[in-house]
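Participant: Pasting upload.pdb below, which is PDB, C-alpha atoms.
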```
ATOM      1  CA  MET A  29       0.000   0.000   0.000
ATOM      2  CA  THR A  30       1.837   2.965  -1.406
ATOM      3  CA  ARG A  31       0.847   6.122  -3.247
ATOM      4  CA  LEU A  32       1.467   4.527  -6.638
ATOM      5  CA  LYS A  33      -0.909   1.650  -5.847
ATOM      6  CA  GLY A  34      -3.835   4.093  -6.088
ATOM      7  CA  GLY A  35      -5.706   3.477  -2.837
ATOM      8  CA  PRO A  36      -7.066   7.010  -2.376
ATOM      9  CA  ILE A  37      -8.342   7.082  -5.980
ATOM     10  CA  MET A  38      -9.988   3.683  -5.408
ATOM     11  CA  PHE A  39     -11.769   4.916  -2.266
ATOM     12  CA  ASP A  40     -13.129   7.929  -4.184
ATOM     13  CA  ALA A  41     -14.204   5.599  -7.013
ATOM     14  CA  VAL A  42     -16.015   3.269  -4.603
ATOM     15  CA  ALA A  43     -17.775   6.266  -3.000
ATOM     16  CA  ALA A  44     -18.941   7.366  -6.469
ATOM     17  CA  ALA A  45     -19.928   3.850  -7.624
ATOM     18  CA  ALA A  46     -21.709   2.589  -4.508
ATOM     19  CA  PRO A  47     -24.873   4.742  -4.805
ATOM     20  CA  LEU A  48     -25.342   3.527  -8.389
ATOM     21  CA  LEU A  49     -25.190  -0.179  -7.519
ATOM     22  CA  ASN A  50     -28.418  -0.466  -5.507
ATOM     23  CA  ARG A  51     -26.792  -2.795  -2.988
ATOM     24  CA  PRO A  52     -24.265  -2.579  -0.157
ATOM     25  CA  PHE A  53     -20.656  -2.436  -1.326
ATOM     26  CA  GLN A  54     -18.080  -4.370   0.669
ATOM     27  CA  LEU A  55     -14.470  -3.557  -0.175
ATOM     28  CA  VAL A  56     -11.840  -6.016   1.082
ATOM     29  CA  LEU A  57      -8.216  -4.932   0.809
ATOM     30  CA  VAL A  58      -5.473  -7.533   0.762
ATOM     31  CA  GLY A  59      -1.834  -6.662   1.312
ATOM     32  CA  ASP A  60       0.142  -4.198   3.325
ATOM     33  CA  GLY A  61       2.579  -1.353   2.934
ATOM     34  CA  PRO A  62       3.970   1.836   4.386
ATOM     35  CA  GLU A  63       0.816   3.877   3.705
ATOM     36  CA  ARG A  64      -1.662   1.405   5.185
ATOM     37  CA  ALA A  65      -2.487   3.628   8.185
ATOM     38  CA  ALA A  66      -3.238   6.563   5.862
ATOM     39  CA  TRP A  67      -5.390   4.312   3.658
ATOM     40  CA  GLU A  68      -7.277   3.109   6.740
ATOM     41  CA  ARG A  69      -8.027   6.711   7.781
ATOM     42  CA  ILE A  70      -9.373   7.511   4.289
ATOM     43  CA  ALA A  71     -11.363   4.268   4.236
ATOM     44  CA  ASN A  72     -12.933   5.061   7.615
ATOM     45  CA  ARG A  73     -14.036   8.492   6.338
ATOM     46  CA  VAL A  74     -15.525   6.983   3.164
ATOM     47  CA  ALA A  75     -17.399   4.274   5.091
ATOM     48  CA  ALA A  76     -18.628   6.777   7.715
ATOM     49  CA  SER A  77     -20.005   9.093   5.041
ATOM     50  CA  ASN A  78     -21.848   6.162   3.390
ATOM     51  CA  PRO A  79     -23.341   4.293   6.381
ATOM     52  CA  GLY A  80     -24.949   0.989   5.470
ATOM     53  CA  ASN A  81     -23.841   1.401   1.865
ATOM     54  CA  ILE A  82     -20.051   0.921   2.034
ATOM     55  CA  SER A  83     -17.973  -1.251   4.343
ATOM     56  CA  ILE A  84     -14.204  -1.500   4.047
ATOM     57  CA  GLU A  85     -12.051  -4.210   5.587
ATOM     58  CA  PHE A  86      -8.248  -4.517   5.637
ATOM     59  CA  ARG A  87      -7.100  -8.144   5.810
ATOM     60  CA  GLY A  88      -3.340  -7.679   5.484
ATOM     61  CA  THR A  89      -1.151 -10.191   3.694
ATOM     62  CA  LEU A  90      -2.868 -13.521   3.048
ATOM     63  CA  ASP A  91      -1.419 -16.934   2.279
ATOM     64  CA  HIS A  92      -2.257 -18.553  -1.055
ATOM     65  CA  VAL A  93      -5.204 -20.542   0.338
ATOM     66  CA  MET A  94      -6.838 -17.539   2.017
ATOM     67  CA  LEU A  95      -6.224 -15.354  -1.038
ATOM     68  CA  GLY A  96      -7.944 -17.951  -3.223
ATOM     69  CA  ARG A  97     -10.879 -18.158  -0.822
ATOM     70  CA  THR A  98     -11.175 -14.369  -0.737
ATOM     71  CA  MET A  99     -11.183 -14.216  -4.538
ATOM     72  CA  ARG A 100     -13.788 -16.981  -4.843
ATOM     73  CA  ASN A 101     -16.057 -15.054  -2.461
ATOM     74  CA  SER A 102     -15.669 -11.784  -4.360
ATOM     75  CA  ASP A 103     -17.558 -10.229  -7.251
ATOM     76  CA  LEU A 104     -14.730  -8.088  -8.593
ATOM     77  CA  LEU A 105     -10.981  -7.515  -8.375
ATOM     78  CA  ILE A 106      -9.979  -3.850  -8.308
ATOM     79  CA  VAL A 107      -6.374  -3.051  -9.248
ATOM     80  CA  PRO A 108      -6.140   0.740  -8.812
ATOM     81  CA  SER A 109      -2.414   1.092  -9.553
ATOM     82  CA  THR A 110      -1.563   4.372 -11.224
ATOM     83  CA  TRP A 111       2.036   3.571 -12.151
ATOM     84  CA  PRO A 112       3.059   1.412 -15.123
ATOM     85  CA  GLU A 113       2.641  -1.925 -13.376
ATOM     86  CA  PRO A 114       4.591  -4.834 -14.794
ATOM     87  CA  PHE A 115       2.508  -7.807 -15.851
ATOM     88  CA  GLY A 116       1.837  -9.035 -12.294
ATOM     89  CA  LEU A 117       0.021 -12.178 -11.194
ATOM     90  CA  VAL A 118      -3.040 -10.941  -9.324
ATOM     91  CA  GLY A 119      -5.113 -10.448 -12.486
ATOM     92  CA  PRO A 120      -4.480 -13.881 -14.026
ATOM     93  CA  GLU A 121      -4.953 -15.490 -10.586
ATOM     94  CA  ALA A 122      -8.357 -13.800 -10.318
ATOM     95  CA  GLY A 123      -9.203 -14.828 -13.879
ATOM     96  CA  LEU A 124      -8.448 -18.474 -13.118
ATOM     97  CA  ARG A 125     -11.227 -18.222 -10.560
ATOM     98  CA  GLY A 126     -13.629 -16.520 -12.987
ATOM     99  CA  LEU A 127     -13.324 -13.215 -11.129
ATOM    100  CA  PRO A 128     -13.589 -10.157 -13.397
ATOM    101  CA  ALA A 129     -11.241  -7.233 -12.803
ATOM    102  CA  VAL A 130     -11.137  -3.489 -13.224
ATOM    103  CA  ALA A 131      -7.888  -1.586 -13.475
ATOM    104  CA  PHE A 132      -6.352   1.446 -15.061
ATOM    105  CA  SER A 133      -4.889   0.897 -18.507
ATOM    106  CA  VAL A 134      -1.270   1.336 -17.426
ATOM    107  CA  GLY A 135       1.905  -0.674 -17.890
ATOM    108  CA  GLY A 136       1.426  -4.413 -18.357
ATOM    109  CA  ILE A 137      -2.174  -4.540 -17.119
ATOM    110  CA  PRO A 138      -3.684  -4.599 -20.652
ATOM    111  CA  GLU A 139      -1.634  -7.775 -21.242
ATOM    112  CA  TRP A 140      -3.973  -9.710 -18.940
ATOM    113  CA  LEU A 141      -7.082  -7.501 -18.775
ATOM    114  CA  THR A 142      -9.056  -7.413 -22.004
ATOM    115  CA  ASP A 143     -11.722  -4.731 -21.804
ATOM    116  CA  GLY A 144     -15.219  -6.206 -22.015
ATOM    117  CA  ILE A 145     -13.956  -9.799 -21.840
ATOM    118  CA  ASN A 146     -12.569 -10.431 -18.361
ATOM    119  CA  GLY A 147     -13.336  -7.032 -16.898
ATOM    120  CA  ARG A 148     -12.993  -3.354 -17.676
ATOM    121  CA  LEU A 149     -10.025  -1.108 -18.295
ATOM    122  CA  ALA A 150     -10.381   2.396 -16.920
ATOM    123  CA  PRO A 151      -8.544   5.160 -18.774
ATOM    124  CA  GLY A 152      -5.015   5.441 -17.427
ATOM    125  CA  ASP A 153      -3.844   8.728 -18.912
ATOM    126  CA  PRO A 154      -4.584  10.202 -16.463
ATOM    127  CA  PRO A 155      -6.088   7.721 -13.990
ATOM    128  CA  SER A 156      -9.192   9.152 -12.334
ATOM    129  CA  ALA A 157     -11.712   8.121  -9.713
ATOM    130  CA  ASP A 158     -14.549   8.774 -12.179
ATOM    131  CA  GLY A 159     -13.032   6.435 -14.783
ATOM    132  CA  LEU A 160     -12.488   3.700 -12.209
ATOM    133  CA  ALA A 161     -16.016   4.196 -10.803
ATOM    134  CA  ARG A 162     -17.532   3.684 -14.281
ATOM    135  CA  ALA A 163     -15.538   0.472 -14.703
ATOM    136  CA  ILE A 164     -16.669  -0.771 -11.281
ATOM    137  CA  VAL A 165     -20.340  -0.104 -12.005
ATOM    138  CA  GLN A 166     -20.082  -1.925 -15.341
ATOM    139  CA  CYS A 167     -18.586  -5.033 -13.711
ATOM    140  CA  VAL A 168     -20.049  -5.487 -10.235
ATOM    141  CA  GLY A 169     -22.363  -8.425 -10.038
ATOM    142  CA  ARG A 170     -21.598  -9.544 -13.593
ATOM    143  CA  ARG A 171     -19.622 -12.724 -13.969
ATOM    144  CA  ALA A 172     -20.034 -12.816 -17.745
ATOM    145  CA  CYS A 173     -16.348 -12.947 -18.472
ATOM    146  CA  GLU A 174     -14.030 -15.321 -20.258
ATOM    147  CA  SER A 175     -12.481 -17.758 -17.857
ATOM    148  CA  PHE A 176      -8.710 -17.675 -17.910
ATOM    149  CA  SER A 177      -8.729 -21.396 -17.143
ATOM    150  CA  SER A 178      -9.770 -22.034 -20.726
ATOM    151  CA  GLY A 179      -7.943 -19.044 -22.174
ATOM    152  CA  ARG A 180      -4.462 -17.842 -22.817
ATOM    153  CA  PHE A 181      -3.253 -18.250 -19.209
ATOM    154  CA  ALA A 182      -4.435 -21.832 -18.710
ATOM    155  CA  LEU A 183      -1.822 -24.098 -17.150
ATOM    156  CA  ASP A 184      -1.925 -26.694 -19.935
ATOM    157  CA  ARG A 185      -1.373 -24.027 -22.579
ATOM    158  CA  HIS A 186       1.497 -22.537 -20.572
ATOM    159  CA  VAL A 187       3.196 -25.940 -20.229
ATOM    160  CA  SER A 188       2.756 -26.657 -23.954
ATOM    161  CA  GLU A 189       4.357 -23.312 -24.840
ATOM    162  CA  LEU A 190       7.280 -23.992 -22.486
ATOM    163  CA  LEU A 191       7.832 -27.455 -23.968
ATOM    164  CA  ARG A 192       7.877 -26.009 -27.476
ATOM    165  CA  ILE A 193      10.477 -23.414 -26.402
ATOM    166  CA  PHE A 194      12.637 -26.085 -24.745
ATOM    167  CA  GLU A 195      12.421 -28.341 -27.793
ATOM    168  CA  ARG A 196      13.617 -25.520 -30.038
ATOM    169  CA  ALA A 197      16.429 -24.712 -27.620
ATOM    170  CA  ILE A 198      17.819 -28.263 -27.584
ATOM    171  CA  GLU A 199      17.295 -28.971 -31.304
ATOM    172  CA  PRO A 200      20.582 -29.000 -33.178
ATOM    173  CA  ASP A 201      20.899 -25.998 -35.419
ATOM    174  CA  ALA A 202      20.062 -26.922 -39.026
ATOM    175  CA  ALA A 203      23.094 -25.043 -40.277
ATOM    176  CA  ALA A 204      25.400 -26.991 -37.953
ATOM    177  CA  ARG A 205      23.996 -30.304 -39.277
ATOM    178  CA  SER A 206      24.810 -29.426 -42.885
ATOM    179  CA  CYS A 207      28.566 -28.985 -42.203
TER     180      CYS A 207
END
```
Any chance you could put this one into structure tokens?

Facilitator:
Amino acid sequence: MTRLKGGPIMFDAVAAAAPLLNRPFQLVLVGDGPERAAWERIANRVAASNPGNISIEFRGTLDHVMLGRTMRNSDLLIVPSTWPEPFGLVGPEAGLRGLPAVAFSVGGIPEWLTDGINGRLAPGDPPSADGLARAIVQCVGRRACESFSSGRFALDRHVSELLRIFERAIEPDAAARSC
């Protein structure tokens, strides 16, 4: 939890999206970082100004089992990073569980998040709470997304690609055979 991870923008986006959803919005944050206390203060203000409509919980760092359980019990993954994230694993991990995602279109995120297929990309230049709020509203409660388990990040496809790369690497060079 740092400035570049976009927490404050996410809290503003949730405050804007929640009234449009016609149901209580529960935001669960996983992870930790040097700005967690500041994020908690902002989260408390957002929840207090939306009583009964928004609840926000900080769970800290979770092991793989608890992270999987949290994802399976969620409707949406929000990745509010505002810096050019590298590819990362959280999006594909969510997709393997059929969990749609919203994130800003920055860095490597568009490599795993295909707008309208497994979630929504919010404009990333510049990232804004309004853009993220629109993406949240479009996705919450909708699980109509392509499952990564049958898509490009499926384990069997990954293993097949690796085997093909290894086979090419150990194949004698055709030019060397002709000498």

Participant: Please check which residues have atoms at most 9 Å from (-10.2, -11.1, -17.0) in the file's coordinates, counting all atoms listed in the file, and write them as an mmCIF file with C-alpha atoms, keeping the file's coordinate frame.

Facilitator:
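Okay, this is what ended up in selection27.cif:
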```cif
data_model
loop_
_atom_site.group_PDB
_atom_site.id
_atom_site.type_symbol
_atom_site.label_atom_id
_atom_site.label_comp_id
_atom_site.auth_asym_id
_atom_site.auth_seq_id
_atom_site.Cartn_x
_atom_site.Cartn_y
_atom_site.Cartn_z
ATOM 1 C CA GLY A 119 -5.113 -10.448 -12.486
ATOM 2 C CA PRO A 120 -4.480 -13.881 -14.026
ATOM 3 C CA ALA A 122 -8.357 -13.800 -10.318
ATOM 4 C CA GLY A 123 -9.203 -14.828 -13.879
ATOM 5 C CA LEU A 124 -8.448 -18.474 -13.118
ATOM 6 C CA GLY A 126 -13.629 -16.520 -12.987
ATOM 7 C CA LEU A 127 -13.324 -13.215 -11.129
ATOM 8 C CA PRO A 128 -13.589 -10.157 -13.397
ATOM 9 C CA ALA A 129 -11.241 -7.233 -12.803
ATOM 10 C CA VAL A 130 -11.137 -3.489 -13.224
ATOM 11 C CA TRP A 140 -3.973 -9.710 -18.940
ATOM 12 C CA LEU A 141 -7.082 -7.501 -18.775
ATOM 13 C CA THR A 142 -9.056 -7.413 -22.004
ATOM 14 C CA ASP A 143 -11.722 -4.731 -21.804
ATOM 15 C CA GLY A 144 -15.219 -6.206 -22.015
ATOM 16 C CA ILE A 145 -13.956 -9.799 -21.840
ATOM 17 C CA ASN A 146 -12.569 -10.431 -18.361
ATOM 18 C CA GLY A 147 -13.336 -7.032 -16.898
ATOM 19 C CA ARG A 148 -12.993 -3.354 -17.676
ATOM 20 C CA CYS A 173 -16.348 -12.947 -18.472
ATOM 21 C CA GLU A 174 -14.030 -15.321 -20.258
ATOM 22 C CA SER A 175 -12.481 -17.758 -17.857
ATOM 23 C CA PHE A 176 -8.710 -17.675 -17.910
#
```

Participant: Hey, which of A:Val134, A:Leu95, A:Ala163, A:Ile82 ends up closest to Lys33 in chain A? Count all atoms listed in the file.

Facilitator: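 Counting all atoms listed in the file, the residue closest to Lys33 in chain A is A:Val134.
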
Participant: With the cut-off set at 12 Å and counting all atoms listed in the file, tabulate each residue of range 117-167 of chain A with an atom at most that distance from an atom of range 51-75 of chain A, showing the nearest atom pair and its distance in Å to one decimal, ordered by chain and increasing number, as CSV.

Facilitator:
```
residue,atom,partner,partner_atom,distance
A:Val118,CA,A:Val58,CA,10.9
A:Ile164,CA,A:Phe53,CA,10.9
A:Val165,CA,A:Phe53,CA,10.9
```

Participant: Could you dump the residues just selected with C-alpha atoms as a compact mmCIF listing (two decimals), keeping the file's coordinate frame?

Facilitator:
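Resulting contents of out.txt:
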```txt
# COMPACT_ATOMS: atom_id res chain seq x y z
CA VAL A 118 -3.04 -10.94 -9.32
CA ILE A 164 -16.67 -0.77 -11.28
CA VAL A 165 -20.34 -0.10 -12.00
```

Participant: Could you tell me how far CA of Thr110 in chain A sits from CA of Ala44 in chain A, in Å to one decimal place?

Facilitator: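 So the two atoms, CA of Ala44 in chain A and CA of Thr110 in chain A, lie 18.3 Å apart.
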
Participant: Given the PyMOL selection byres ((chain A and resi 32) around 6) and the file above, list the residues it selects as a list in words.

Facilitator: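 For this structure, the PyMOL selection byres ((chain A and resi 32) around 6) resolves to Thr30, Arg31, Lys33, Gly34, Ser109, Thr110 and Trp111 of chain A.
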
Participant: For CA of Ser83 in chain A and CA of Arg162 in chain A, quote the distance in Å rounded to one decimal.

Facilitator: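 Here the two named atoms are 19.3 Å from each other.
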
Participant: When you draw a straight line from CA of Val187 in chain A to CA of Arg125 in chain A, how long is it in Å?

Facilitator: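 Computed distance, CA of Val187 in chain A to CA of Arg125 in chain A, equals 19.0 Å.
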
Participant: I need every residue sitting at most 6 Å from the point (-8.5, -0.6, -11.7) (coordinates as in the file, only C-alpha atoms considered), written as a ChimeraX atom specification.

Facilitator: /A:106-108,130-132,160

Participant: May I ask which of the residues A:Ile137, A:Met99, A:Thr89, A:Pro36 is the closest one to Gly152 in chain A, counting only C-alpha atoms?

Facilitator: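 Of the candidates, the smallest distance to Gly152 in chain A is held by A:Ile137.
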
Participant: Once the PyMOL selection byres ((chain A and resi 158) around 9) has been applied to the shown file, what residues remain in the selection, as a PyMOL selection string?

Facilitator: chain A and resi 37+40-41+44-45+150+155-157+159-163

Participant: Using the chain letters and numbers from the file, give me the residues hit by the PyMOL selection byres ((chain A and resi 136) around 6), as a list in words.

Facilitator: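 Against this file, the PyMOL selection byres ((chain A and resi 136) around 6) returns the residues Glu113, Pro114, Phe115, Gly135, Ile137, Pro138 and Glu139 of chain A.
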
Participant: Determine the nearest neighbour of Leu48 in chain A from the options A:Ser102, A:Ser77, A:Ser188, A:Gln166, counting all atoms listed in the file.

Facilitator: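 That would be A:Gln166, the residue with the smallest distance to Leu48 in chain A.
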
Participant: Find the residue from A:Leu105, A:Glu199, A:Pro47, A:Gly116 that sits nearest to Leu149 in chain A; use only C-alpha atoms when measuring.

Facilitator: A:Leu105
